[in-house]
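**Q** Here you go, this is data04.pdb (PDB, C-alpha atoms).
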MODEL        1
ATOM      1  CA  MET A  11       0.000   0.000   0.000
ATOM      2  CA  SER A  12       2.747   2.438  -0.918
ATOM      3  CA  GLY A  13       1.897   6.032  -1.712
ATOM      4  CA  ILE A  14      -0.888   6.121   0.868
ATOM      5  CA  ASP A  15      -2.294   9.544   1.676
ATOM      6  CA  LEU A  16      -1.937   9.663   5.465
ATOM      7  CA  SER A  17      -4.272  12.671   5.647
ATOM      8  CA  ARG A  18      -7.084  10.232   4.758
ATOM      9  CA  VAL A  19      -6.396   8.034   7.801
ATOM     10  CA  ARG A  20      -8.969   8.119  10.608
ATOM     11  CA  PHE A  21      -8.881   6.057  13.786
ATOM     12  CA  ASP A  22     -12.108   4.719  15.262
ATOM     13  CA  ARG A  23     -12.578   4.681  19.033
ATOM     14  CA  HIS A  24     -11.788   0.972  19.341
ATOM     15  CA  ALA A  25      -8.464   1.410  17.530
ATOM     16  CA  ARG A  26      -7.512   4.397  19.714
ATOM     17  CA  ARG A  27      -8.226   2.399  22.881
ATOM     18  CA  ARG A  28      -6.183  -0.549  21.637
ATOM     19  CA  MET A  29      -3.294   1.726  20.705
ATOM     20  CA  LYS A  30      -3.284   3.391  24.126
ATOM     21  CA  TRP A  31      -3.545   0.083  25.975
ATOM     22  CA  ARG A  32      -0.816  -1.545  23.860
ATOM     23  CA  GLN A  33       1.354   1.599  23.659
ATOM     24  CA  ILE A  34       1.348   1.705  19.855
ATOM     25  CA  SER A  35       1.858   5.136  18.317
ATOM     26  CA  GLU A  36       0.198   6.698  15.282
ATOM     27  CA  ASP A  37       3.642   6.764  13.652
ATOM     28  CA  GLU A  38       3.916   2.979  14.029
ATOM     29  CA  VAL A  39       0.471   2.543  12.477
ATOM     30  CA  HIS A  40       1.407   4.868   9.606
ATOM     31  CA  LEU A  41       4.622   2.888   9.048
ATOM     32  CA  ALA A  42       2.632  -0.367   8.875
ATOM     33  CA  LEU A  43       0.287   1.190   6.311
ATOM     34  CA  GLU A  44       2.994   2.817   4.197
ATOM     35  CA  ASN A  45       5.436  -0.082   4.107
ATOM     36  CA  PRO A  46       3.849  -3.331   5.353
ATOM     37  CA  ASP A  47       5.813  -6.570   5.600
ATOM     38  CA  LYS A  48       2.642  -8.502   4.847
ATOM     39  CA  ILE A  49      -0.893  -7.694   3.653
ATOM     40  CA  GLU A  50      -3.883 -10.009   3.874
ATOM     41  CA  GLU A  51      -7.543  -9.605   3.087
ATOM     42  CA  SER A  52      -9.884  -9.997   6.048
ATOM     43  CA  ILE A  53     -13.640 -10.139   6.597
ATOM     44  CA  ARG A  54     -16.212  -7.523   5.566
ATOM     45  CA  GLY A  55     -13.908  -5.685   3.156
ATOM     46  CA  ARG A  56     -11.184  -5.186   5.731
ATOM     47  CA  THR A  57      -7.449  -5.551   5.214
ATOM     48  CA  ASN A  58      -4.704  -6.482   7.683
ATOM     49  CA  ALA A  59      -1.286  -4.855   7.359
ATOM     50  CA  TYR A  60       1.593  -6.391   9.345
ATOM     51  CA  LYS A  61       4.881  -4.719  10.183
ATOM     52  CA  PHE A  62       7.966  -5.737  12.182
ATOM     53  CA  ILE A  63       9.134  -2.756  14.255
ATOM     54  CA  GLY A  64      12.053  -3.725  16.480
ATOM     55  CA  GLU A  65      10.837  -6.593  18.673
ATOM     56  CA  ARG A  66       7.200  -5.815  17.893
ATOM     57  CA  TYR A  67       5.005  -7.271  15.185
ATOM     58  CA  ILE A  68       2.167  -4.806  14.603
ATOM     59  CA  LYS A  69      -1.108  -5.759  12.934
ATOM     60  CA  VAL A  70      -3.307  -2.923  11.675
ATOM     61  CA  THR A  71      -6.840  -3.773  10.547
ATOM     62  CA  TYR A  72      -8.382  -1.142   8.296
ATOM     63  CA  ARG A  73     -11.000  -0.548   5.654
ATOM     64  CA  GLU A  74     -10.469   1.769   2.722
ATOM     65  CA  PHE A  75     -13.339   3.983   1.590
ATOM     66  CA  SER A  76     -13.376   6.523  -1.224
ATOM     67  CA  ASP A  77     -12.810   9.437   1.166
ATOM     68  CA  GLU A  78     -10.923   7.851   4.082
ATOM     69  CA  ILE A  79      -8.946   4.928   5.441
ATOM     70  CA  LEU A  80     -10.596   3.814   8.671
ATOM     71  CA  ILE A  81      -8.311   2.125  11.191
ATOM     72  CA  ILE A  82     -10.485  -0.443  12.959
ATOM     73  CA  SER A  83      -8.042  -2.223  15.278
ATOM     74  CA  VAL A  84      -4.347  -2.281  16.143
ATOM     75  CA  VAL A  85      -2.633  -5.257  17.778
ATOM     76  CA  ASP A  86       0.904  -6.025  18.949
ATOM     77  CA  LYS A  87       1.331  -9.647  17.911
ATOM     78  CA  GLY A  88       4.519  -9.941  19.999
ATOM     79  CA  LYS A  89       7.873 -11.166  18.837
ATOM     80  CA  GLY A  90       7.920 -12.134  15.212
ATOM     81  CA  GLU A  91       9.493 -15.302  13.882
ATOM     82  CA  ARG A  92      11.615 -13.746  11.134
ATOM     83  CA  SER A  93      14.255 -11.586  12.790
ATOM     84  CA  GLU A  94      15.802 -10.643   9.437
ATOM     85  CA  ASN A  95      12.700  -8.531   8.685
ATOM     86  CA  ARG A  96      12.792  -6.507  11.878
ATOM     87  CA  ILE A  97      13.628  -2.822  11.807
ATOM     88  CA  GLN A  98      16.458  -1.920  14.147
TER      89      GLN A  98
ENDMDL
END
For the file at hand, write its structure as C-alpha coordinates.
**A**
Amino acid sequence: MSGIDLSRVRFDRHARRRMKWRQISEDEVHLALENPDKIEESIRGRTNAYKFIGERYIKVTYREFSDEILIISVVDKGKGERSENRIQ
(Lines of atoms letter the chains of each structure in order from A and count residues from 1; the text may use other names and numbers.)
(Lines give C-alpha, C1' and ligand atoms only; values in the text may rest on other atoms or scores of the structure.)
Protein backbone atom coordinates (compact mmCIF):
# COMPACT_ATOMS: atom_id res chain seq x y z
CA MET A 1 0.00 0.00 0.00
CA SER A 2 2.75 2.44 -0.92
CA GLY A 3 1.90 6.03 -1.71
CA ILE A 4 -0.89 6.12 0.87
CA ASP A 5 -2.29 9.54 1.68
CA LEU A 6 -1.94 9.66 5.46
CA SER A 7 -4.27 12.67 5.65
CA ARG A 8 -7.08 10.23 4.76
CA VAL A 9 -6.40 8.03 7.80
CA ARG A 10 -8.97 8.12 10.61
CA PHE A 11 -8.88 6.06 13.79
CA ASP A 12 -12.11 4.72 15.26
CA ARG A 13 -12.58 4.68 19.03
CA HIS A 14 -11.79 0.97 19.34
CA ALA A 15 -8.46 1.41 17.53
CA ARG A 16 -7.51 4.40 19.71
CA ARG A 17 -8.23 2.40 22.88
CA ARG A 18 -6.18 -0.55 21.64
CA MET A 19 -3.29 1.73 20.70
CA LYS A 20 -3.28 3.39 24.13
CA TRP A 21 -3.54 0.08 25.97
CA ARG A 22 -0.82 -1.54 23.86
CA GLN A 23 1.35 1.60 23.66
CA ILE A 24 1.35 1.70 19.85
CA SER A 25 1.86 5.14 18.32
CA GLU A 26 0.20 6.70 15.28
CA ASP A 27 3.64 6.76 13.65
CA GLU A 28 3.92 2.98 14.03
CA VAL A 29 0.47 2.54 12.48
CA HIS A 30 1.41 4.87 9.61
CA LEU A 31 4.62 2.89 9.05
CA ALA A 32 2.63 -0.37 8.88
CA LEU A 33 0.29 1.19 6.31
CA GLU A 34 2.99 2.82 4.20
CA ASN A 35 5.44 -0.08 4.11
CA PRO A 36 3.85 -3.33 5.35
CA ASP A 37 5.81 -6.57 5.60
CA LYS A 38 2.64 -8.50 4.85
CA ILE A 39 -0.89 -7.69 3.65
CA GLU A 40 -3.88 -10.01 3.87
CA GLU A 41 -7.54 -9.61 3.09
CA SER A 42 -9.88 -10.00 6.05
CA ILE A 43 -13.64 -10.14 6.60
CA ARG A 44 -16.21 -7.52 5.57
CA GLY A 45 -13.91 -5.69 3.16
CA ARG A 46 -11.18 -5.19 5.73
CA THR A 47 -7.45 -5.55 5.21
CA ASN A 48 -4.70 -6.48 7.68
CA ALA A 49 -1.29 -4.85 7.36
CA TYR A 50 1.59 -6.39 9.35
CA LYS A 51 4.88 -4.72 10.18
CA PHE A 52 7.97 -5.74 12.18
CA ILE A 53 9.13 -2.76 14.26
CA GLY A 54 12.05 -3.72 16.48
CA GLU A 55 10.84 -6.59 18.67
CA ARG A 56 7.20 -5.81 17.89
CA TYR A 57 5.00 -7.27 15.18
CA ILE A 58 2.17 -4.81 14.60
CA LYS A 59 -1.11 -5.76 12.93
CA VAL A 60 -3.31 -2.92 11.67
CA THR A 61 -6.84 -3.77 10.55
CA TYR A 62 -8.38 -1.14 8.30
CA ARG A 63 -11.00 -0.55 5.65
CA GLU A 64 -10.47 1.77 2.72
CA PHE A 65 -13.34 3.98 1.59
CA SER A 66 -13.38 6.52 -1.22
CA ASP A 67 -12.81 9.44 1.17
CA GLU A 68 -10.92 7.85 4.08
CA ILE A 69 -8.95 4.93 5.44
CA LEU A 70 -10.60 3.81 8.67
CA ILE A 71 -8.31 2.12 11.19
CA ILE A 72 -10.48 -0.44 12.96
CA SER A 73 -8.04 -2.22 15.28
CA VAL A 74 -4.35 -2.28 16.14
CA VAL A 75 -2.63 -5.26 17.78
CA ASP A 76 0.90 -6.03 18.95
CA LYS A 77 1.33 -9.65 17.91
CA GLY A 78 4.52 -9.94 20.00
CA LYS A 79 7.87 -11.17 18.84
CA GLY A 80 7.92 -12.13 15.21
CA GLU A 81 9.49 -15.30 13.88
CA ARG A 82 11.62 -13.75 11.13
CA SER A 83 14.26 -11.59 12.79
CA GLU A 84 15.80 -10.64 9.44
CA ASN A 85 12.70 -8.53 8.69
CA ARG A 86 12.79 -6.51 11.88
CA ILE A 87 13.63 -2.82 11.81
CA GLN A 88 16.46 -1.92 14.15
**Q** Enumerate, as a VMD selection string, the residues matched when the PyMOL selection byres ((chain A and resi 69) around 7) is run on the file above.
**A** chain A and resid 58 to 61 67 to 68 70 to 71 84 to 87
**Q** Which residues fall under the PyMOL selection byres ((chain A and resi 51) around 12) in this file, as a list in words?
**A**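 In the shown coordinates, the PyMOL selection byres ((chain A and resi 51) around 12) covers Lys48, Ile49, Glu50, Ser52, Ile53, Arg54, Gly55, Arg56, Thr57, Asn58, Ala59, Tyr60, Val70, Thr71, Tyr72, Arg73 and Glu74 of chain A.
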**Q** Find the distance between atom CA of A:Val39 and atom CA of A:Phe75 and write it in Å to one decimal.
**A**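 Computing the Euclidean distance for atom CA of A:Val39 and atom CA of A:Phe75 yields 17.6 Å.
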**Q** Would you work out the distance separating atom CA of A:Glu65 from atom CA of A:Arg28, expressed in Å to one decimal?
**A**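 About the pair atom CA of A:Glu65 and atom CA of A:Arg28: they are 18.3 Å apart.
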**Q** For a quick check of understanding, using all atoms listed in the file, which of A:Gly88, A:Ile14, A:Ile82, A:Asp77 has the smallest distance to A:Leu43?
**A** A:Ile14
**Q** Find the distance between atom CA of A:Arg32 and atom CA of A:Ser76 and write it in Å to one decimal.
**A**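 Between atom CA of A:Arg32 and atom CA of A:Ser76 the gap works out to 29.2 Å.
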**Q** Nearest to A:Phe21 among A:Asn45, A:Gln33, A:Gly64, A:His40, with distances taken over only C-alpha atoms: which residue is it?
**A**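 Using only C-alpha atoms, the shortest distance to A:Phe21 belongs to A:His40.
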**Q** Where does the PyMOL selection byres ((chain A and resi 20) around 7) land in this file, that is, which residues does it pick, as a list in words?
**A**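 Checked against the file, the PyMOL selection byres ((chain A and resi 20) around 7) matches Arg18, Val19, Phe21, Asp22, Glu78, Ile79, Leu80 and Ile81 of chain A.
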**Q** For A:Pro46, which of A:Lys30, A:Leu16, A:Phe62, A:His24 is the closest residue, counting only C-alpha atoms?
**A**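 Nearest to A:Pro46: A:Phe62.
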**Q** Got a minute to add N, CA and C atoms to stretch 41-75 of chain A and dump it as an mmCIF file, keeping the file's coordinate frame?
**A**
data_model
loop_
_atom_site.group_PDB
_atom_site.id
_atom_site.type_symbol
_atom_site.label_atom_id
_atom_site.label_comp_id
_atom_site.auth_asym_id
_atom_site.auth_seq_id
_atom_site.Cartn_x
_atom_site.Cartn_y
_atom_site.Cartn_z
ATOM 1 N N LEU A 41 3.541 3.677 9.631
ATOM 2 C CA LEU A 41 4.622 2.888 9.048
ATOM 3 C C LEU A 41 4.095 1.547 8.531
ATOM 4 N N ALA A 42 3.221 0.910 9.307
ATOM 5 C CA ALA A 42 2.632 -0.367 8.875
ATOM 6 C C ALA A 42 1.790 -0.188 7.613
ATOM 7 N N LEU A 43 1.107 0.931 7.492
ATOM 8 C CA LEU A 43 0.287 1.190 6.311
ATOM 9 C C LEU A 43 1.135 1.540 5.094
ATOM 10 N N GLU A 44 2.161 2.351 5.304
ATOM 11 C CA GLU A 44 2.994 2.817 4.197
ATOM 12 C C GLU A 44 3.919 1.740 3.636
ATOM 13 N N ASN A 45 4.428 0.890 4.526
ATOM 14 C CA ASN A 45 5.436 -0.082 4.107
ATOM 15 C C ASN A 45 5.235 -1.406 4.859
ATOM 16 N N PRO A 46 4.127 -2.092 4.610
ATOM 17 C CA PRO A 46 3.849 -3.331 5.353
ATOM 18 C C PRO A 46 4.790 -4.456 4.950
ATOM 19 N N ASP A 47 5.053 -5.356 5.901
ATOM 20 C CA ASP A 47 5.813 -6.570 5.600
ATOM 21 C C ASP A 47 4.895 -7.629 5.006
ATOM 22 N N LYS A 48 3.626 -7.538 5.335
ATOM 23 C CA LYS A 48 2.642 -8.502 4.847
ATOM 24 C C LYS A 48 1.277 -7.836 4.810
ATOM 25 N N ILE A 49 0.491 -8.177 3.784
ATOM 26 C CA ILE A 49 -0.893 -7.694 3.653
ATOM 27 C C ILE A 49 -1.765 -8.920 3.449
ATOM 28 N N GLU A 50 -2.928 -8.936 4.122
ATOM 29 C CA GLU A 50 -3.883 -10.009 3.874
ATOM 30 C C GLU A 50 -5.299 -9.455 3.933
ATOM 31 N N GLU A 51 -6.139 -9.980 3.075
ATOM 32 C CA GLU A 51 -7.543 -9.605 3.087
ATOM 33 C C GLU A 51 -8.201 -10.228 4.311
ATOM 34 N N SER A 52 -9.175 -9.527 4.870
ATOM 35 C CA SER A 52 -9.884 -9.997 6.048
ATOM 36 C C SER A 52 -11.379 -10.014 5.743
ATOM 37 N N ILE A 53 -12.188 -10.073 6.773
ATOM 38 C CA ILE A 53 -13.640 -10.139 6.597
ATOM 39 C C ILE A 53 -14.243 -8.763 6.341
ATOM 40 N N ARG A 54 -15.413 -8.743 5.772
ATOM 41 C CA ARG A 54 -16.212 -7.523 5.566
ATOM 42 C C ARG A 54 -15.443 -6.386 4.894
ATOM 43 N N GLY A 55 -14.626 -6.710 3.908
ATOM 44 C CA GLY A 55 -13.908 -5.685 3.156
ATOM 45 C C GLY A 55 -12.719 -5.078 3.873
ATOM 46 N N ARG A 56 -12.314 -5.690 4.959
ATOM 47 C CA ARG A 56 -11.184 -5.186 5.731
ATOM 48 C C ARG A 56 -9.875 -5.781 5.225
ATOM 49 N N THR A 57 -8.791 -5.098 5.572
ATOM 50 C CA THR A 57 -7.449 -5.551 5.214
ATOM 51 C C THR A 57 -6.583 -5.503 6.462
ATOM 52 N N ASN A 58 -5.687 -6.468 6.597
ATOM 53 C CA ASN A 58 -4.704 -6.482 7.683
ATOM 54 C C ASN A 58 -3.332 -6.167 7.110
ATOM 55 N N ALA A 59 -2.661 -5.197 7.713
ATOM 56 C CA ALA A 59 -1.286 -4.855 7.359
ATOM 57 C C ALA A 59 -0.404 -5.211 8.549
ATOM 58 N N TYR A 60 0.668 -5.955 8.299
ATOM 59 C CA TYR A 60 1.593 -6.391 9.345
ATOM 60 C C TYR A 60 2.942 -5.727 9.148
ATOM 61 N N LYS A 61 3.580 -5.371 10.272
ATOM 62 C CA LYS A 61 4.881 -4.719 10.183
ATOM 63 C C LYS A 61 5.745 -5.084 11.385
ATOM 64 N N PHE A 62 6.988 -5.550 11.129
ATOM 65 C CA PHE A 62 7.966 -5.737 12.182
ATOM 66 C C PHE A 62 8.551 -4.372 12.517
ATOM 67 N N ILE A 63 8.514 -3.996 13.793
ATOM 68 C CA ILE A 63 9.134 -2.756 14.255
ATOM 69 C C ILE A 63 9.921 -3.117 15.505
ATOM 70 N N GLY A 64 11.225 -3.262 15.365
ATOM 71 C CA GLY A 64 12.053 -3.725 16.480
ATOM 72 C C GLY A 64 11.625 -5.123 16.884
ATOM 73 N N GLU A 65 11.295 -5.306 18.155
ATOM 74 C CA GLU A 65 10.837 -6.593 18.673
ATOM 75 C C GLU A 65 9.332 -6.766 18.522
ATOM 76 N N ARG A 66 8.656 -5.772 18.009
ATOM 77 C CA ARG A 66 7.200 -5.815 17.893
ATOM 78 C C ARG A 66 6.772 -6.245 16.498
ATOM 79 N N TYR A 67 5.627 -6.892 16.453
ATOM 80 C CA TYR A 67 5.005 -7.271 15.185
ATOM 81 C C TYR A 67 3.598 -6.693 15.222
ATOM 82 N N ILE A 68 3.412 -5.574 14.555
ATOM 83 C CA ILE A 68 2.167 -4.806 14.603
ATOM 84 C C ILE A 68 1.208 -5.282 13.520
ATOM 85 N N LYS A 69 -0.052 -5.458 13.906
ATOM 86 C CA LYS A 69 -1.108 -5.759 12.934
ATOM 87 C C LYS A 69 -2.117 -4.622 12.965
ATOM 88 N N VAL A 70 -2.348 -4.014 11.810
ATOM 89 C CA VAL A 70 -3.307 -2.923 11.675
ATOM 90 C C VAL A 70 -4.451 -3.419 10.783
ATOM 91 N N THR A 71 -5.659 -3.397 11.320
ATOM 92 C CA THR A 71 -6.840 -3.773 10.547
ATOM 93 C C THR A 71 -7.541 -2.494 10.124
ATOM 94 N N TYR A 72 -7.781 -2.373 8.812
ATOM 95 C CA TYR A 72 -8.382 -1.142 8.296
ATOM 96 C C TYR A 72 -9.335 -1.463 7.147
ATOM 97 N N ARG A 73 -10.127 -0.458 6.822
ATOM 98 C CA ARG A 73 -11.000 -0.548 5.654
ATOM 99 C C ARG A 73 -10.857 0.745 4.865
ATOM 100 N N GLU A 74 -10.663 0.599 3.584
ATOM 101 C CA GLU A 74 -10.469 1.769 2.722
ATOM 102 C C GLU A 74 -11.779 2.145 2.058
ATOM 103 N N PHE A 75 -12.161 3.401 2.227
ATOM 104 C CA PHE A 75 -13.339 3.983 1.590
ATOM 105 C C PHE A 75 -12.869 5.020 0.577
#
